[in-house]
file model31.cif (mmCIF, C-alpha atoms and all ligand atoms)
data_entry
#
loop_
_atom_site.label_atom_id
_atom_site.label_comp_id
_atom_site.auth_asym_id
_atom_site.auth_seq_id
_atom_site.Cartn_x
_atom_site.Cartn_y
_atom_site.Cartn_z
CA MET A 1 0.00 0.00 0.00
CA MET A 2 1.23 3.50 -0.86
CA SER A 3 2.07 5.58 2.20
CA ILE A 4 0.07 8.74 2.92
CA ILE A 5 1.93 11.98 2.25
CA LYS A 6 0.99 14.91 4.48
CA ARG A 7 1.73 18.53 3.58
CA ASN A 8 2.97 21.35 5.78
CA TYR A 9 3.40 18.97 8.71
CA SER A 10 4.62 20.10 12.16
CA LEU A 11 7.76 18.28 13.36
CA LYS A 12 7.45 19.48 16.97
CA LYS A 13 6.62 15.99 18.26
CA HIS A 14 9.33 14.47 16.07
CA ASN A 15 12.40 16.06 17.64
CA THR A 16 13.56 15.95 21.25
CA PHE A 17 14.47 19.67 21.24
CA ASN A 18 10.70 20.30 20.69
CA ILE A 19 11.43 22.74 17.89
CA ASP A 20 8.28 23.77 16.06
CA VAL A 21 9.21 23.67 12.38
CA LYS A 22 7.21 22.32 9.47
CA ALA A 23 8.08 19.84 6.76
CA LYS A 24 6.80 20.60 3.26
CA TYR A 25 5.92 16.89 3.00
CA PHE A 26 5.88 14.14 5.63
CA THR A 27 5.32 10.42 5.30
CA ILE A 28 5.70 7.22 7.30
CA ILE A 29 7.22 4.08 5.81
CA GLN A 30 6.70 0.63 7.31
CA ASN A 31 8.38 -1.64 4.77
CA GLU A 32 10.82 -1.62 1.88
CA LYS A 33 8.06 -1.84 -0.73
CA GLN A 34 6.67 1.49 0.47
CA ILE A 35 10.12 3.03 0.07
CA PHE A 36 10.42 1.78 -3.51
CA ASN A 37 6.90 3.09 -4.27
CA LEU A 38 7.75 6.44 -2.70
CA LEU A 39 10.94 6.78 -4.73
CA GLN A 40 8.88 6.27 -7.93
CA GLU A 41 6.71 9.34 -7.21
CA ASP A 42 7.42 11.84 -9.99
CA PHE A 43 6.66 14.93 -7.93
CA LEU A 44 9.23 13.89 -5.31
CA LEU A 45 12.10 13.59 -7.73
CA LYS A 46 13.02 17.22 -7.20
CA GLU A 47 12.51 17.26 -3.44
CA LYS A 48 15.17 16.90 -0.76
CA ILE A 49 14.68 13.82 1.47
CA LEU A 50 15.35 13.60 5.20
CA ILE A 51 15.11 10.23 6.92
CA LEU A 52 13.92 10.70 10.47
CA GLY A 53 14.10 8.39 13.46
CA SER A 54 13.10 9.81 16.86
CA GLY A 55 14.72 13.17 16.13
CA SER A 56 16.96 12.81 19.19
CA ASN A 57 20.12 13.82 17.37
CA ILE A 58 18.77 16.62 15.22
CA LEU A 59 18.45 20.38 15.57
CA PHE A 60 15.98 21.88 13.10
CA THR A 61 16.92 25.52 12.44
CA LYS A 62 14.24 26.17 9.79
CA ASN A 63 11.25 24.61 8.08
CA TYR A 64 12.26 21.56 6.04
CA ASN A 65 11.71 22.33 2.38
CA GLY A 66 11.42 18.73 1.20
CA ILE A 67 10.03 15.40 2.33
CA VAL A 68 10.63 13.98 5.80
CA VAL A 69 10.39 10.19 5.84
CA PHE A 70 9.65 8.72 9.27
CA ASN A 71 11.09 5.23 9.44
CA GLN A 72 8.82 2.72 11.13
CA ILE A 73 10.11 -0.58 9.75
CA LYS A 74 9.65 -3.06 12.61
CA GLY A 75 10.78 -6.57 13.53
CA ILE A 76 13.39 -8.30 15.67
CA LYS A 77 14.35 -11.80 14.52
CA ILE A 78 17.17 -14.24 15.24
CA ILE A 79 18.44 -15.33 11.82
CA GLU A 80 21.44 -17.45 12.81
CA GLU A 81 22.72 -19.07 15.94
CA ASP A 82 25.75 -21.02 17.12
CA GLU A 83 27.05 -21.91 20.56
CA LYS A 84 28.78 -18.53 20.97
CA CYS A 85 26.56 -15.95 19.22
CA SER A 86 23.11 -15.04 17.97
CA THR A 87 22.76 -13.06 14.76
CA ILE A 88 19.71 -10.81 14.82
CA LYS A 89 17.97 -8.81 12.11
CA VAL A 90 16.33 -5.67 13.48
CA GLY A 91 14.00 -3.27 11.66
CA ALA A 92 15.31 0.31 11.48
CA GLY A 93 12.09 1.58 13.09
CA GLU A 94 12.43 -0.41 16.32
CA LYS A 95 13.19 1.67 19.41
CA TRP A 96 16.85 1.21 20.38
CA HIS A 97 16.12 0.73 24.09
CA ASP A 98 13.42 -1.89 23.32
CA PHE A 99 16.04 -3.86 21.40
CA VAL A 100 18.43 -3.59 24.37
CA LEU A 101 15.66 -4.94 26.67
CA TRP A 102 14.94 -7.73 24.16
CA SER A 103 18.62 -8.75 24.21
CA ILE A 104 18.93 -8.83 28.00
CA LYS A 105 15.80 -10.89 28.32
CA ARG A 106 17.61 -13.53 26.26
CA ASN A 107 20.83 -13.08 28.23
CA LEU A 108 22.64 -11.86 25.13
CA SER A 109 25.54 -9.50 25.65
CA GLY A 110 27.06 -6.64 23.63
CA ILE A 111 24.69 -3.69 23.92
CA GLU A 112 23.73 -3.66 27.62
CA ASN A 113 25.91 -0.61 28.33
CA LEU A 114 23.94 1.27 25.65
CA ALA A 115 20.63 0.97 27.55
CA LEU A 116 18.31 3.99 27.54
CA ILE A 117 19.94 5.80 24.61
CA PRO A 118 16.98 7.43 22.85
CA GLY A 119 16.33 6.88 19.17
CA LEU A 120 15.64 4.13 16.69
CA VAL A 121 17.78 1.19 15.64
CA GLY A 122 18.21 2.59 12.10
CA ALA A 123 20.03 5.63 13.47
CA SER A 124 22.34 3.65 15.77
CA PRO A 125 25.05 3.11 13.13
CA ILE A 126 24.87 6.69 11.79
CA GLN A 127 26.94 8.17 14.59
CA ASN A 128 28.07 4.80 15.99
CA ILE A 129 26.23 5.36 19.27
CA GLY A 130 28.28 4.80 22.35
CA ALA A 131 28.13 5.13 26.11
CA TYR A 132 29.69 3.75 29.27
CA GLY A 133 32.61 2.05 27.53
CA MET A 134 30.73 0.43 24.63
CA GLU A 135 30.10 1.38 21.00
CA VAL A 136 27.47 -0.14 18.75
CA LYS A 137 30.04 -0.82 16.00
CA ASN A 138 31.34 -3.82 17.95
CA THR A 139 28.03 -5.67 17.48
CA ILE A 140 26.98 -4.58 13.99
CA GLN A 141 27.61 -7.18 11.32
CA LYS A 142 25.76 -5.84 8.28
CA ILE A 143 23.46 -2.98 7.34
CA HIS A 144 20.68 -3.12 4.75
CA PHE A 145 19.88 0.14 3.01
CA ILE A 146 18.21 1.52 -0.09
CA ASN A 147 20.17 4.01 -2.16
CA ILE A 148 17.80 6.92 -2.83
CA LYS A 149 19.25 7.83 -6.24
CA SER A 150 19.84 4.38 -7.75
CA LYS A 151 16.77 2.93 -5.93
CA LYS A 152 18.84 -0.21 -5.31
CA LYS A 153 18.92 -2.28 -2.16
CA ILE A 154 22.44 -2.69 -0.82
CA ILE A 155 23.92 -4.73 2.03
CA ILE A 156 27.11 -3.34 3.52
CA ASN A 157 29.49 -5.11 5.93
CA ASP A 158 30.55 -3.50 9.20
CA PHE A 159 34.07 -3.18 7.83
CA ASP A 160 32.88 -0.86 5.04
CA CYS A 161 30.91 1.40 7.41
CA LYS A 162 34.11 3.28 8.42
CA PHE A 163 33.01 3.46 12.01
CA LYS A 164 34.87 5.88 14.27
CA TYR A 165 34.07 7.81 17.43
CA ARG A 166 30.53 9.21 16.77
CA ASP A 167 31.09 8.79 13.06
CA SER A 168 30.53 6.47 10.10
CA ILE A 169 30.22 6.48 6.34
CA PHE A 170 26.54 7.44 6.86
CA LYS A 171 27.55 10.83 8.30
CA ASN A 172 29.93 11.45 5.40
CA GLN A 173 29.89 9.95 1.88
CA LEU A 174 26.40 8.45 2.31
CA ARG A 175 24.85 11.34 4.23
CA ASP A 176 21.20 11.85 3.15
CA LYS A 177 21.76 9.41 0.28
CA VAL A 178 20.43 6.19 1.79
CA ILE A 179 17.54 4.81 3.82
CA ILE A 180 18.68 2.22 6.35
CA THR A 181 16.00 -0.46 6.53
CA ASN A 182 17.51 -3.19 8.74
CA VAL A 183 20.58 -3.67 10.90
CA ILE A 184 22.13 -7.10 11.51
CA PHE A 185 23.71 -7.50 14.95
CA LYS A 186 25.87 -10.25 16.42
CA LEU A 187 25.39 -10.60 20.18
CA TYR A 188 27.32 -12.88 22.49
CA LYS A 189 26.05 -15.68 24.70
CA LYS A 190 29.00 -15.26 27.09
CA PRO A 191 28.56 -11.99 28.99
CA ILE A 192 31.15 -9.32 28.16
CA ASN A 193 30.66 -7.66 31.57
CA ASN A 194 32.35 -4.38 30.65
CA ILE A 195 32.26 -2.49 33.93
CA LYS A 196 35.47 -0.54 33.45
CA TYR A 197 33.54 2.70 33.35
CA GLY A 198 33.94 3.69 37.02
CA GLU A 199 30.37 4.51 37.87
CA ILE A 200 28.99 1.15 36.69
CA SER A 201 30.87 -0.92 39.27
CA ASN A 202 29.91 1.55 42.02
CA GLU A 203 26.28 1.34 40.98
CA LEU A 204 26.40 -2.49 40.87
CA GLN A 205 27.76 -2.46 44.42
CA ARG A 206 25.04 -0.07 45.48
CA ILE A 207 22.27 -2.27 44.08
CA LYS A 208 24.12 -5.38 45.36
CA LYS A 209 24.26 -7.17 42.00
CA ASP A 210 27.01 -9.20 40.31
CA PRO A 211 27.80 -8.16 36.74
CA SER A 212 25.51 -9.64 34.06
CA PRO A 213 23.93 -8.08 30.93
CA LYS A 214 20.77 -7.48 32.98
CA SER A 215 22.40 -5.93 36.05
CA ILE A 216 24.76 -3.78 33.94
CA ALA A 217 21.83 -2.45 31.92
CA GLN A 218 20.02 -1.71 35.20
CA ALA A 219 23.07 0.12 36.57
CA VAL A 220 23.35 2.17 33.37
CA ILE A 221 19.63 3.00 33.48
CA ASN A 222 19.95 4.17 37.10
CA ILE A 223 22.99 6.32 36.35
CA ARG A 224 21.45 7.84 33.21
CA ASN A 225 18.17 8.60 34.99
CA LYS A 226 20.12 10.50 37.63
CA LYS A 227 22.50 12.33 35.31
CA ILE A 228 20.93 12.95 31.92
CA PRO A 229 18.05 15.41 31.50
CA ASN A 230 14.90 13.73 30.22
CA PRO A 231 13.81 15.31 26.89
CA LYS A 232 10.18 14.79 27.93
CA LYS A 233 10.79 17.29 30.76
CA ILE A 234 13.24 19.65 29.04
CA GLY A 235 13.99 19.69 25.32
CA ASN A 236 17.51 18.51 24.50
CA SER A 237 19.49 16.26 22.22
CA GLY A 238 21.92 14.69 24.68
CA SER A 239 25.55 15.68 24.17
CA PHE A 240 25.55 18.60 21.79
CA PHE A 241 29.29 18.48 21.08
CA LYS A 242 31.76 15.66 20.50
CA ASN A 243 34.60 15.15 22.95
CA PRO A 244 37.59 16.67 21.14
CA ILE A 245 40.53 14.41 20.34
CA VAL A 246 43.97 16.05 20.55
CA SER A 247 47.64 15.09 20.12
CA GLN A 248 49.86 14.21 23.11
CA ASN A 249 51.73 17.46 22.56
CA LYS A 250 48.62 19.60 22.65
CA PHE A 251 47.36 17.65 25.66
CA MET A 252 50.59 18.25 27.64
CA LYS A 253 50.35 22.00 27.02
CA LEU A 254 46.74 22.04 28.22
CA LYS A 255 47.55 19.86 31.24
CA ASN A 256 50.28 22.30 32.29
CA LYS A 257 47.87 25.19 32.11
CA PHE A 258 44.82 23.33 33.48
CA PRO A 259 46.05 20.54 35.81
CA ASP A 260 42.49 19.32 36.55
CA ILE A 261 41.54 18.83 32.90
CA VAL A 262 39.41 15.69 32.42
CA TYR A 263 40.58 13.31 29.67
CA TYR A 264 40.36 9.72 28.48
CA LYS A 265 43.20 7.68 27.04
CA ASN A 266 42.31 5.28 24.25
CA SER A 267 44.22 2.71 22.22
CA THR A 268 45.58 5.35 19.83
CA LYS A 269 48.25 7.85 20.81
CA LYS A 270 45.68 10.64 20.86
CA ILE A 271 43.86 11.91 23.93
CA LYS A 272 40.12 12.47 24.21
CA LEU A 273 39.15 15.49 26.30
CA ALA A 274 35.85 15.80 28.14
CA ALA A 275 34.01 18.56 26.25
CA GLY A 276 31.70 18.97 29.27
CA TRP A 277 34.69 19.86 31.48
CA LEU A 278 35.99 22.39 28.94
CA ILE A 279 32.58 24.09 28.79
CA GLU A 280 32.04 24.03 32.55
CA HIS A 281 35.51 25.44 33.28
CA ALA A 282 34.95 28.20 30.76
CA GLY A 283 32.12 29.32 33.06
CA LEU A 284 29.35 28.36 30.64
CA LYS A 285 27.45 25.70 32.63
CA GLY A 286 23.87 26.82 33.25
CA ILE A 287 24.07 29.98 31.12
CA ARG A 288 20.97 31.03 29.27
CA LYS A 289 20.27 33.23 26.26
CA GLY A 290 16.52 33.62 26.09
CA ASP A 291 15.08 30.12 26.18
CA ALA A 292 18.25 28.49 24.83
CA GLY A 293 20.54 27.29 27.58
CA VAL A 294 23.34 25.08 28.81
CA HIS A 295 21.95 22.54 31.27
CA LYS A 296 22.59 23.44 34.90
CA ASN A 297 24.15 20.05 35.77
CA GLN A 298 25.41 18.82 32.39
CA ALA A 299 27.51 21.37 30.53
CA LEU A 300 27.59 19.21 27.39
CA VAL A 301 23.81 19.31 27.02
CA LEU A 302 22.13 22.32 25.42
CA VAL A 303 18.49 22.71 26.37
CA ASN A 304 15.32 24.36 25.16
CA HIS A 305 13.86 25.89 28.33
CA ASN A 306 10.55 26.41 26.60
CA ASN A 307 10.14 28.27 23.35
CA ALA A 308 13.61 28.61 21.87
CA ASN A 309 13.81 28.11 18.14
CA GLY A 310 16.55 26.16 16.39
CA LYS A 311 18.42 29.30 15.33
CA GLU A 312 18.64 30.49 18.95
CA ILE A 313 20.04 27.15 20.09
CA LEU A 314 22.50 27.15 17.20
CA SER A 315 23.58 30.69 18.05
CA LEU A 316 24.28 29.60 21.65
CA ALA A 317 26.27 26.64 20.30
CA ARG A 318 28.35 28.96 18.09
CA TYR A 319 28.99 31.24 21.09
CA ILE A 320 30.24 28.26 23.13
CA GLN A 321 32.48 27.15 20.26
CA LYS A 322 33.99 30.67 20.09
CA ILE A 323 34.73 30.80 23.82
CA ILE A 324 36.27 27.30 23.80
CA LYS A 325 38.46 28.25 20.84
CA THR A 326 39.68 31.39 22.62
CA LYS A 327 40.27 29.75 25.99
CA TYR A 328 41.79 26.40 24.95
CA ASP A 329 42.48 26.75 21.19
CA ILE A 330 40.19 23.80 20.52
CA ASN A 331 37.56 23.49 17.81
CA LEU A 332 34.47 21.89 19.35
CA GLU A 333 32.56 19.88 16.74
CA THR A 334 28.81 19.38 17.02
CA GLU A 335 27.58 15.83 17.57
CA VAL A 336 24.00 16.83 16.76
CA ASN A 337 22.92 17.06 13.10
CA ILE A 338 22.05 20.66 12.26
CA ILE A 339 19.31 20.81 9.64
C1 LIG A 401 18.77 12.54 26.38
C2 LIG A 401 19.63 12.01 25.26
C3 LIG A 401 20.70 11.19 25.56
C4 LIG A 401 21.53 10.71 24.53
N1 LIG A 401 22.57 9.89 24.85
C5 LIG A 401 23.37 9.40 23.88
C6 LIG A 401 24.47 8.53 24.20
O1 LIG A 401 24.70 8.19 25.36
N2 LIG A 401 25.25 8.09 23.19
C7 LIG A 401 25.00 8.41 21.88
O2 LIG A 401 25.76 7.94 21.01
N3 LIG A 401 23.97 9.22 21.55
C8 LIG A 401 23.15 9.71 22.50
N4 LIG A 401 22.11 10.54 22.18
C9 LIG A 401 21.89 10.90 20.76
C10 LIG A 401 20.83 10.05 20.04
O3 LIG A 401 20.00 9.39 20.95
C11 LIG A 401 21.46 9.03 19.10
O4 LIG A 401 22.29 9.66 18.17
C12 LIG A 401 20.39 8.21 18.35
O5 LIG A 401 21.01 7.16 17.64
C13 LIG A 401 19.56 9.05 17.41
O6 LIG A 401 18.47 8.26 16.97
P1 LIG A 401 17.18 8.90 16.29
O7 LIG A 401 16.34 7.75 15.82
O8 LIG A 401 16.56 9.86 17.20
O9 LIG A 401 17.85 9.63 15.04
P2 LIG A 401 17.44 11.04 14.43
O10 LIG A 401 17.83 12.12 15.36
O11 LIG A 401 16.04 11.00 13.94
O12 LIG A 401 18.43 11.09 13.18
C14 LIG A 401 19.82 11.25 13.36
C15 LIG A 401 20.51 11.21 11.99
O13 LIG A 401 20.38 9.92 11.42
C16 LIG A 401 19.70 9.96 10.17
N5 LIG A 401 18.83 8.76 10.14
C17 LIG A 401 17.99 8.34 11.11
N6 LIG A 401 17.42 7.18 10.78
C18 LIG A 401 17.91 6.85 9.56
C19 LIG A 401 17.69 5.75 8.66
N7 LIG A 401 16.85 4.74 8.95
N8 LIG A 401 18.35 5.75 7.46
C20 LIG A 401 19.20 6.76 7.14
N9 LIG A 401 19.43 7.82 7.94
C21 LIG A 401 18.80 7.86 9.13
C22 LIG A 401 18.92 11.27 10.19
O14 LIG A 401 18.67 11.73 8.88
C23 LIG A 401 19.88 12.16 10.96
O15 LIG A 401 20.90 12.64 10.13
C24 LIG A 401 21.25 11.05 23.18
C25 LIG A 401 20.15 11.88 22.89
C26 LIG A 401 19.35 12.36 23.91
C27 LIG A 401 18.17 13.21 23.58
#
call {"tool": "encode", "arguments": {"input": "model31.cif", "output": "structure tokens"}}
result
Amino acid sequence: MMSIIKRNYSLKKHNTFNIDVKAKYFTIIQNEKQIFNLLQEDFLLKEKILILGSGSNILFTKNYNGIVVFNQIKGIKIIEEDEKCSTIKVGAGEKWHDFVLWSIKRNLSGIENLALIPGLVGASPIQNIGAYGMEVKNTIQKIHFINIKSKKKIIINDFDCKFKYRDSIFKNQLRDKVIITNVIFKLYKKPINNIKYGEISNELQRIKKDPSPKSIAQAVINIRNKKIPNPKKIGNSGSFFKNPIVSQNKFMKLKNKFPDIVYYKNSTKKIKLAAGWLIEHAGLKGIRKGDAGVHKNQALVLVNHNNANGKEILSLARYIQKIIKTKYDINLETEVNII
């Protein structure tokens, strides 16, 4: 069945910043056939296309002069199994957290640390979602997508997705060019029990639980509920900026000047700095320009106190970037997609 196309449609309920912009056209797709039908529509050939999940990583700064396609392809199915792993095909329109709950119910491990991240499964590879010491790239095996221009269905292996910290081929060469329809995950039967991230082990002790996919997910949920502002209460998109990655040399200079600087070492020689610390120590935590603000407890989260529009939030973001550049000589990159 052809999907219904609405005109002049408000996206306020479709983005977690609660920005009230309109899409020229809006439609919901529930299967691949509907996508192929949609791509045959003559009148749409000239329109821009934006694929939307939950809108939890998007800042709309103006009305969208094209068609917004809301992905609602559902289904979670085990397609292969051996003694070590289960391979699972998940529809791009499934809620990410529901899939995490599904996996823990079956005692499968690999995504438990990513519990409670908002958004849909189809968006999880786009910025290679990550939290509490885990990244989704380590469990993705293949991605099914439809190329908007060629109208061909393509299956890509994890290796070709060019996953990096909050980055993938879908944020670069394939940006706005494909519609992800399904993601194939490989989850492990033996628990990974990654509790290196300090707060998780403390929380497990507090709730008196040994590490398991279920208890780790519970610990992460508890920590996130305490720390991260709920978009249902105050509009936000999670971390607005990426943690900047700098050379050893640059890091040593900063460490001399700011001995308390918060950083993370990874396997490469580079150092990841905590963008939240940089913002907080530049005196920007909790500031407000009209209804656009920096959250009072989480300096990395920009918030819509009530009626800010996307341009006001973007202008606050640009102001923060300018101050950070002046104070630390660091270019803060946005994690959120500015539309
Ligand atoms: C409170 C809060 C906490 C957060 N915490 C984290 C965190 O811990 N870690 C983390 O990594 N992120 C976090 N995020 C960011 C966000 O949840 C993730 O980036 C999530 O994957 C976005 O999913 P979405 O469905 O909302 O995508 P959207 O915001 O709708 O879309 C994001 C981008 O992906 C594209 N896209 C979406 N679906 C498809 C598809 N099917 N095919 C092609 N392109 C598509 C869109 O066009 C857009 O460019 C947080 C956000 C909030 C609000």
call {"tool": "axis_aligned_box", "arguments": {"input": "model31.cif", "around": "ligand LIG 401 (chain A)", "padding_each_side": "6 Å", "output": "JSON"}}
result
{"center_x": 20.9, "center_y": 9.0, "center_z": 16.8, "size_x": 21.7, "size_y": 20.5, "size_z": 31.2}
call {"tool": "closest_residue", "arguments": {"input": "model31.cif", "among": "A:Lys226, A:Lys214, A:Lys171, A:Lys272", "to": "ligand LIG 401 (chain A)", "atoms": "all atoms listed in the file"}}
result
A:Lys171
call {"tool": "atom_distance", "arguments": {"input": "model31.cif", "atom1": "CA of Ile73 in chain A", "atom2": "CA of Gly133 in chain A"}}
result
28.8 Å
call {"tool": "atom_distance", "arguments": {"input": "model31.cif", "atom1": "CA of Lys209 in chain A", "atom2": "CA of Ile195 in chain A"}}
result
12.3 Å
call {"tool": "closest_residue", "arguments": {"input": "model31.cif", "among": "A:Asn236, A:Asn65, A:Asn107, A:Thr139", "to": "ligand LIG 401 (chain A)", "atoms": "only C-alpha atoms and all ligand atoms"}}
result
A:Asn236
call {"tool": "residues_around", "arguments": {"input": "model31.cif", "residues": "Leu38 in chain A", "least_positions_apart": "3", "cutoff": "9 Å", "atoms": "all atoms listed in the file", "output": "short mmCIF file (atom, residue, chain, number, x, y, z; two decimals) with C-alpha atoms, in the coordinates of the input"}}
result
data_model
loop_
_atom_site.label_atom_id
_atom_site.label_comp_id
_atom_site.auth_asym_id
_atom_site.auth_seq_id
_atom_site.Cartn_x
_atom_site.Cartn_y
_atom_site.Cartn_z
CA MET A 2 1.23 3.50 -0.86
CA SER A 3 2.07 5.58 2.20
CA ILE A 29 7.22 4.08 5.81
CA LYS A 33 8.06 -1.84 -0.73
CA GLN A 34 6.67 1.49 0.47
CA ILE A 35 10.12 3.03 0.07
CA GLU A 41 6.71 9.34 -7.21
CA LEU A 44 9.23 13.89 -5.31
#
call {"tool": "closest_residue", "arguments": {"input": "model31.cif", "among": "A:Ile129, A:Leu302, A:Val68, A:Ala23", "to": "ligand LIG 401 (chain A)", "atoms": "all atoms listed in the file"}}
result
A:Ile129
call {"tool": "closest_residue", "arguments": {"input": "model31.cif", "among": "A:Asp20, A:Asp329, A:Glu199, A:Glu32", "to": "His144 in chain A", "atoms": "only C-alpha atoms"}}
result
A:Glu32
call {"tool": "closest_residue", "arguments": {"input": "model31.cif", "among": "A:Ile200, A:Ala282, A:Ile126, A:Met134", "to": "Ser168 in chain A", "atoms": "only C-alpha atoms"}}
result
A:Ile126
call {"tool": "atom_distance", "arguments": {"input": "model31.cif", "atom1": "CA of Gly235 in chain A", "atom2": "atom C12 of ligand LIG 401 (chain A)"}}
result
14.9 Å
call {"tool": "closest_residue", "arguments": {"input": "model31.cif", "among": "A:Ile51, A:Ala217, A:Pro229, A:Gly310", "to": "Lys296 in chain A", "atoms": "only C-alpha atoms"}}
result
A:Pro229
call {"tool": "residues_around", "arguments": {"input": "model31.cif", "residues": "range 237-249 of chain A", "least_positions_apart": "2", "cutoff": "10 Å", "atoms": "all atoms listed in the file", "output": "MDAnalysis selection string"}}
result
chainID A and resid 15:18 55:59 117:118 165:166 228:231 234:235 251:255 263:265 268:278 294 298:304 317 321 330:337
call {"tool": "write_last_selection", "arguments": {"input": "model31.cif", "atoms": "C-alpha atoms", "output": "short mmCIF file (atom, residue, chain, number, x, y, z; two decimals), in the coordinates of the input"}}
result
data_model
loop_
_atom_site.label_atom_id
_atom_site.label_comp_id
_atom_site.auth_asym_id
_atom_site.auth_seq_id
_atom_site.Cartn_x
_atom_site.Cartn_y
_atom_site.Cartn_z
CA ASN A 15 12.40 16.06 17.64
CA THR A 16 13.56 15.95 21.25
CA PHE A 17 14.47 19.67 21.24
CA ASN A 18 10.70 20.30 20.69
CA GLY A 55 14.72 13.17 16.13
CA SER A 56 16.96 12.81 19.19
CA ASN A 57 20.12 13.82 17.37
CA ILE A 58 18.77 16.62 15.22
CA LEU A 59 18.45 20.38 15.57
CA ILE A 117 19.94 5.80 24.61
CA PRO A 118 16.98 7.43 22.85
CA TYR A 165 34.07 7.81 17.43
CA ARG A 166 30.53 9.21 16.77
CA ILE A 228 20.93 12.95 31.92
CA PRO A 229 18.05 15.41 31.50
CA ASN A 230 14.90 13.73 30.22
CA PRO A 231 13.81 15.31 26.89
CA ILE A 234 13.24 19.65 29.04
CA GLY A 235 13.99 19.69 25.32
CA PHE A 251 47.36 17.65 25.66
CA MET A 252 50.59 18.25 27.64
CA LYS A 253 50.35 22.00 27.02
CA LEU A 254 46.74 22.04 28.22
CA LYS A 255 47.55 19.86 31.24
CA TYR A 263 40.58 13.31 29.67
CA TYR A 264 40.36 9.72 28.48
CA LYS A 265 43.20 7.68 27.04
CA THR A 268 45.58 5.35 19.83
CA LYS A 269 48.25 7.85 20.81
CA LYS A 270 45.68 10.64 20.86
CA ILE A 271 43.86 11.91 23.93
CA LYS A 272 40.12 12.47 24.21
CA LEU A 273 39.15 15.49 26.30
CA ALA A 274 35.85 15.80 28.14
CA ALA A 275 34.01 18.56 26.25
CA GLY A 276 31.70 18.97 29.27
CA TRP A 277 34.69 19.86 31.48
CA LEU A 278 35.99 22.39 28.94
CA VAL A 294 23.34 25.08 28.81
CA GLN A 298 25.41 18.82 32.39
CA ALA A 299 27.51 21.37 30.53
CA LEU A 300 27.59 19.21 27.39
CA VAL A 301 23.81 19.31 27.02
CA LEU A 302 22.13 22.32 25.42
CA VAL A 303 18.49 22.71 26.37
CA ASN A 304 15.32 24.36 25.16
CA ALA A 317 26.27 26.64 20.30
CA GLN A 321 32.48 27.15 20.26
CA ILE A 330 40.19 23.80 20.52
CA ASN A 331 37.56 23.49 17.81
CA LEU A 332 34.47 21.89 19.35
CA GLU A 333 32.56 19.88 16.74
CA THR A 334 28.81 19.38 17.02
CA GLU A 335 27.58 15.83 17.57
CA VAL A 336 24.00 16.83 16.76
CA ASN A 337 22.92 17.06 13.10
#
